[in-house]
>>> print(open('data02.cif').read())   # mmCIF, C-alpha atoms and all ligand atoms
data_target
loop_
_atom_site.label_atom_id
_atom_site.label_comp_id
_atom_site.auth_asym_id
_atom_site.auth_seq_id
_atom_site.Cartn_x
_atom_site.Cartn_y
_atom_site.Cartn_z
CA MET A 4 -24.84 -17.23 44.16
CA SER A 5 -21.09 -17.20 43.71
CA GLU A 6 -19.21 -14.40 41.92
CA GLU A 7 -18.53 -16.65 38.92
CA GLU A 8 -22.25 -17.16 38.36
CA LYS A 9 -23.10 -13.47 38.61
CA SER A 10 -20.64 -12.41 35.93
CA GLN A 11 -19.46 -14.08 32.78
CA TYR A 12 -16.11 -12.34 33.30
CA LEU A 13 -13.29 -13.27 35.63
CA VAL A 14 -13.68 -11.67 39.06
CA GLU A 15 -11.01 -11.52 41.76
CA TYR A 16 -10.79 -10.02 45.20
CA ARG A 17 -7.51 -8.33 45.87
CA PRO A 18 -6.26 -6.63 49.01
CA GLY A 19 -6.06 -2.86 48.82
CA THR A 20 -2.54 -1.56 48.19
CA ALA A 21 -2.98 1.89 46.65
CA TRP A 22 -2.72 5.08 48.72
CA ASN A 23 -6.48 5.65 48.60
CA GLU A 24 -7.46 2.08 49.54
CA ARG A 25 -7.96 0.81 53.07
CA LYS A 26 -5.33 -1.61 54.25
CA GLY A 27 -6.73 -5.05 54.96
CA THR A 28 -9.83 -4.52 52.82
CA MET A 29 -10.49 -6.70 49.79
CA TYR A 30 -11.45 -4.99 46.56
CA ARG A 31 -13.33 -6.47 43.66
CA TRP A 32 -11.51 -6.66 40.34
CA MET A 33 -12.92 -7.80 37.01
CA GLU A 34 -11.43 -8.53 33.62
CA CYS A 35 -12.09 -5.99 30.89
CA LYS A 36 -14.70 -7.27 28.48
CA ARG A 37 -12.60 -6.01 25.59
CA CYS A 38 -8.99 -6.85 26.41
CA GLY A 39 -9.10 -8.97 29.57
CA GLN A 40 -7.04 -6.57 31.66
CA MET A 41 -8.06 -6.61 35.33
CA SER A 42 -9.39 -3.41 36.80
CA LYS A 43 -11.07 -2.49 40.05
CA CYS A 44 -14.84 -2.28 39.94
CA SER A 45 -17.83 -1.93 42.23
CA GLU A 46 -19.66 -4.82 43.89
CA ASP A 47 -22.59 -4.82 41.47
CA THR A 48 -20.61 -4.50 38.23
CA THR A 49 -21.34 -7.33 35.79
CA ALA A 50 -19.15 -6.15 32.93
CA THR A 51 -16.44 -3.54 32.69
CA THR A 52 -14.26 -1.77 30.13
CA CYS A 53 -10.80 -0.85 31.40
CA SER A 54 -9.49 2.72 31.23
CA ASP A 55 -7.03 1.83 28.46
CA CYS A 56 -9.83 0.57 26.24
CA VAL A 57 -12.02 3.56 27.01
CA ALA A 58 -9.18 5.90 26.00
CA GLU A 59 -8.59 3.92 22.84
CA LEU A 60 -12.26 3.99 21.92
CA VAL A 61 -12.87 7.65 22.67
CA ASP A 62 -9.74 9.51 21.55
CA PRO A 63 -9.77 8.82 17.80
CA VAL A 64 -13.31 10.13 17.53
CA GLU A 65 -12.52 13.42 19.23
CA ILE A 66 -9.36 14.07 17.25
CA GLY A 67 -10.23 12.41 13.97
CA TYR A 68 -13.28 14.45 13.11
CA LYS A 69 -11.86 17.89 13.67
CA LYS A 70 -11.96 19.40 10.22
CA SER A 71 -9.55 22.19 9.43
CA ASP A 72 -10.71 25.08 7.27
CA LYS A 73 -7.11 25.94 6.47
CA PRO A 74 -5.53 24.87 3.20
CA ARG A 75 -3.12 22.00 2.96
CA GLY A 76 0.42 22.85 3.94
CA TRP A 77 -0.51 26.13 5.61
CA THR A 78 1.88 25.44 8.52
CA LEU A 79 4.77 25.54 6.04
CA LYS A 80 4.04 29.11 5.02
CA GLY A 81 6.18 31.84 6.54
CA VAL A 82 3.07 33.93 7.12
CA PHE A 83 -0.46 32.65 7.05
CA VAL A 84 -3.53 34.67 7.98
CA ASP A 85 -6.80 32.82 8.46
CA LYS A 86 -10.32 34.16 7.81
CA GLU A 87 -10.62 35.39 11.41
CA GLY A 88 -7.45 37.45 11.02
CA ASN A 89 -5.27 35.20 13.17
CA VAL A 90 -1.66 35.47 12.02
CA TYR A 91 0.61 32.43 11.98
CA HIS A 92 4.33 32.24 11.37
CA LYS A 93 5.11 28.74 10.12
CA GLY A 94 1.94 27.49 11.79
CA VAL A 95 2.61 29.23 15.12
CA GLU A 96 -0.04 31.74 16.12
CA GLN A 97 1.14 35.31 16.68
CA PRO A 98 -1.63 36.78 18.88
CA GLU A 99 -0.14 40.29 18.92
CA LEU A 100 -0.49 40.46 15.12
CA LYS A 101 -4.15 39.48 15.01
CA GLY A 102 -6.14 41.64 12.60
CA SER A 103 -3.05 43.41 11.26
CA LEU A 104 -2.94 41.58 7.95
CA LYS A 105 -5.28 40.60 5.17
CA ALA A 106 -6.40 36.99 5.13
CA THR A 107 -4.21 34.81 2.95
CA GLU A 108 -5.94 33.99 -0.27
CA THR A 109 -6.17 30.30 -0.75
CA GLU A 110 -5.47 29.19 -4.26
CA LYS A 111 -8.39 27.53 -5.84
CA ARG A 112 -7.43 24.21 -7.23
CA ILE A 113 -8.24 23.99 -10.89
CA PRO A 114 -9.60 20.53 -11.40
CA SER A 115 -8.13 18.82 -14.42
CA LYS A 116 -10.74 18.18 -17.02
CA ARG A 117 -11.70 14.57 -16.94
CA MET A 118 -12.64 12.87 -20.12
CA THR A 119 -16.06 11.35 -20.36
CA LYS A 120 -16.41 7.71 -21.23
CA ASN A 121 -17.61 8.63 -24.71
CA GLU A 122 -14.67 10.94 -25.32
CA LYS A 123 -12.31 8.21 -24.21
CA ASN A 124 -13.95 5.62 -26.42
CA GLU A 125 -13.79 7.97 -29.39
CA LEU A 126 -10.05 8.39 -28.87
CA ILE A 127 -9.52 4.67 -28.51
CA GLY A 128 -11.38 4.08 -31.76
CA ILE A 129 -9.35 6.66 -33.64
CA ALA A 130 -6.13 5.26 -32.24
CA ALA A 131 -7.02 1.73 -33.29
CA LEU A 132 -7.81 2.88 -36.80
CA ASN A 133 -4.55 4.79 -37.11
CA LEU A 134 -2.60 1.89 -35.68
CA HIS A 135 -3.98 -0.41 -38.33
CA LYS A 136 -3.10 2.00 -41.14
CA LEU A 137 0.37 2.73 -39.83
CA LYS A 138 1.27 -0.91 -39.32
CA ARG A 139 0.37 -1.60 -42.93
CA LYS A 140 2.37 1.37 -44.06
CA LEU A 141 5.33 0.19 -42.01
CA GLN A 142 5.43 -3.08 -43.93
CA THR A 143 5.89 -1.23 -47.20
CA LEU A 144 8.86 0.75 -45.95
CA ARG A 145 12.44 -0.39 -46.33
CA TRP A 146 14.58 2.24 -44.73
CA LYS A 147 15.06 2.88 -41.08
CA LYS A 148 14.85 6.63 -41.56
CA ASP A 149 11.40 6.22 -43.09
CA LYS A 150 10.26 3.78 -40.44
CA LYS A 151 11.33 5.92 -37.51
CA PRO A 152 8.57 8.57 -37.58
CA ILE A 153 5.97 5.86 -38.20
CA LEU A 154 7.21 3.90 -35.21
CA SER A 155 6.94 6.90 -32.93
CA GLU A 156 3.39 7.53 -34.13
CA ILE A 157 2.58 3.86 -33.53
CA LYS A 158 3.88 4.24 -30.01
CA LEU A 159 1.52 7.14 -29.34
CA HIS A 160 -1.50 5.41 -30.83
CA SER A 161 -0.75 2.21 -28.90
CA LYS A 162 -0.87 4.16 -25.67
CA VAL A 163 -4.10 5.90 -26.59
CA ALA A 164 -5.65 2.67 -27.83
CA SER A 165 -5.09 1.09 -24.43
CA ALA A 166 -6.36 4.25 -22.68
CA LYS A 167 -2.91 5.01 -21.26
CA PHE A 168 -2.76 8.65 -22.20
CA PRO A 169 0.67 10.28 -22.09
CA ARG A 170 1.21 12.91 -19.40
CA ASN A 171 1.15 15.84 -21.84
CA PHE A 172 -1.62 14.40 -23.96
CA ASN A 173 -3.72 17.04 -25.70
CA ARG A 174 -7.05 15.68 -26.74
CA GLU A 175 -7.97 18.51 -29.15
CA GLU A 176 -4.62 18.35 -30.86
CA TYR A 177 -4.84 14.61 -31.24
CA LEU A 178 -8.33 14.80 -32.70
CA SER A 179 -7.49 17.50 -35.23
CA LYS A 180 -4.45 15.57 -36.34
CA TYR A 181 -5.79 12.04 -36.53
CA LYS A 182 -9.56 12.17 -36.79
CA LYS A 183 -10.47 11.74 -40.45
ZN ZN A 201 -9.43 -3.23 28.23
#
>>> encode(input="data02.cif", output="structure tokens", more="lines below")
Ligand SMILES: [Zn+2]
Amino acid sequence: MSEEEKSQYLVEYRPGTAWNERKGTMYRWMECKRCGQMSKCSEDTTATTCSDCVAELVDPVEIGYKKSDKPRGWTLKGVFVDKEGNVYHKGVEQPELKGSLKATETEKRIPSKRMTKNEKNELIGIAALNLHKLKRKLQTLRWKKDKKPILSEIKLHSKVASAKFPRNFNREEYLSKYKK
């Protein structure tokens, strides 16, 4: 059986040139099954993955899944002390200070209250109702000074009606003002 029949990958015999190879001896090389790069392999190898591909496949797993128990941005703090009492100055460990300071309290993030679907729908309904009323009222007004406050209210209700709540939107305030 020839080499080509034994392996579905390209095989070549190359003379040894490296410091640890015998001069005048032929070495078996095979293309990487992933990228096609030739690398030296043993006589009975039928498929091989080159060292570059192995590094690429292995490294992200080892690094990527290391989970830090430190808060975001801790390396930016002048002094940070972790739960074990390790002291860091701008993210650099100061071994001689270990245990000399109290652990830095990590601020608990206060999650912003999310509206439920029902609460949102209620607001949208109220906004639509108010929009309707205000647009009618607007038609009866003649003067710009009278129209102005109505227009700004219309702007607010339009946003709410399309569920685009303004940044400083206060649900309770809106309800007490416009829910009738
Ligand atoms: Zn490869």
>>> residues_around(input="data02.cif", residues="range 169-174 of chain A", least_positions_apart="3", cutoff="10 Å", atoms="only C-alpha atoms", output="list in words")
Met118, Glu122, Lys123, Leu126, Leu159, Lys162, Val163, Ala166, Tyr177, Leu178, Ser179 and Lys180 of chain A
>>> residues_near_ligand(input="data02.cif", ligand="ligand ZN 201 (chain A)", cutoff="6 Å", atoms="all atoms listed in the file", output="list in words")
Cys35, Arg37, Cys38, Gly39, Gln40, Thr52, Cys53, Asp55 and Cys56 of chain A
>>> atom_distance(input="data02.cif", atom1="CA of Thr109 in chain A", atom2="CA of Gly94 in chain A")
15.2 Å
>>> atom_distance(input="data02.cif", atom1="CA of Glu15 in chain A", atom2="CA of Met29 in chain A")
9.4 Å
>>> residues_near_point(input="data02.cif", point="(7.5, 30.2, 4.4)", cutoff="8 Å", atoms="all atoms listed in the file", output="ChimeraX atom specification")
/A:79-82,92-93
>>> residues_around(input="data02.cif", residues="Thr78 in chain A", least_positions_apart="5", cutoff="12 Å", atoms="only C-alpha atoms", output="MDAnalysis selection string")
chainID A and resid 71 73 83:85 90:96
>>> atom_distance(input="data02.cif", atom1="CA of Thr20 in chain A", atom2="CA of Val61 in chain A")
29.0 Å
>>> closest_residue(input="data02.cif", among="A:Gly128, A:Ser54, A:Met33, A:Lys86", to="Ala106 in chain A", atoms="all atoms listed in the file")
A:Lys86
>>> closest_residue(input="data02.cif", among="A:Arg75, A:Leu137, A:Pro18, A:Lys101", to="Ile153 in chain A", atoms="all atoms listed in the file")
A:Leu137
>>> axis_aligned_box(input="data02.cif", around="range 116-123 of chain A", padding_each_side="8 Å", output="lines of an AutoDock Vina configuration file")
center_x = -14.2
center_y = 12.9
center_z = -21.1
size_x = 22.9
size_y = 26.5
size_z = 24.4
>>> residues_around(input="data02.cif", residues="Leu132 in chain A", least_positions_apart="5", cutoff="10 Å", atoms="all atoms listed in the file", output="NGL selection string")
:A and (126-127 or 137 or 160 or 164 or 181-183)
>>> closest_residue(input="data02.cif", among="A:Asn133, A:Asn124, A:Ser155, A:Thr48", to="Trp32 in chain A", atoms="all atoms listed in the file")
A:Thr48
>>> closest_residue(input="data02.cif", among="A:Lys151, A:Ile157, A:Lys167, A:Ser42", to="Lys138 in chain A", atoms="all atoms listed in the file")
A:Ile157
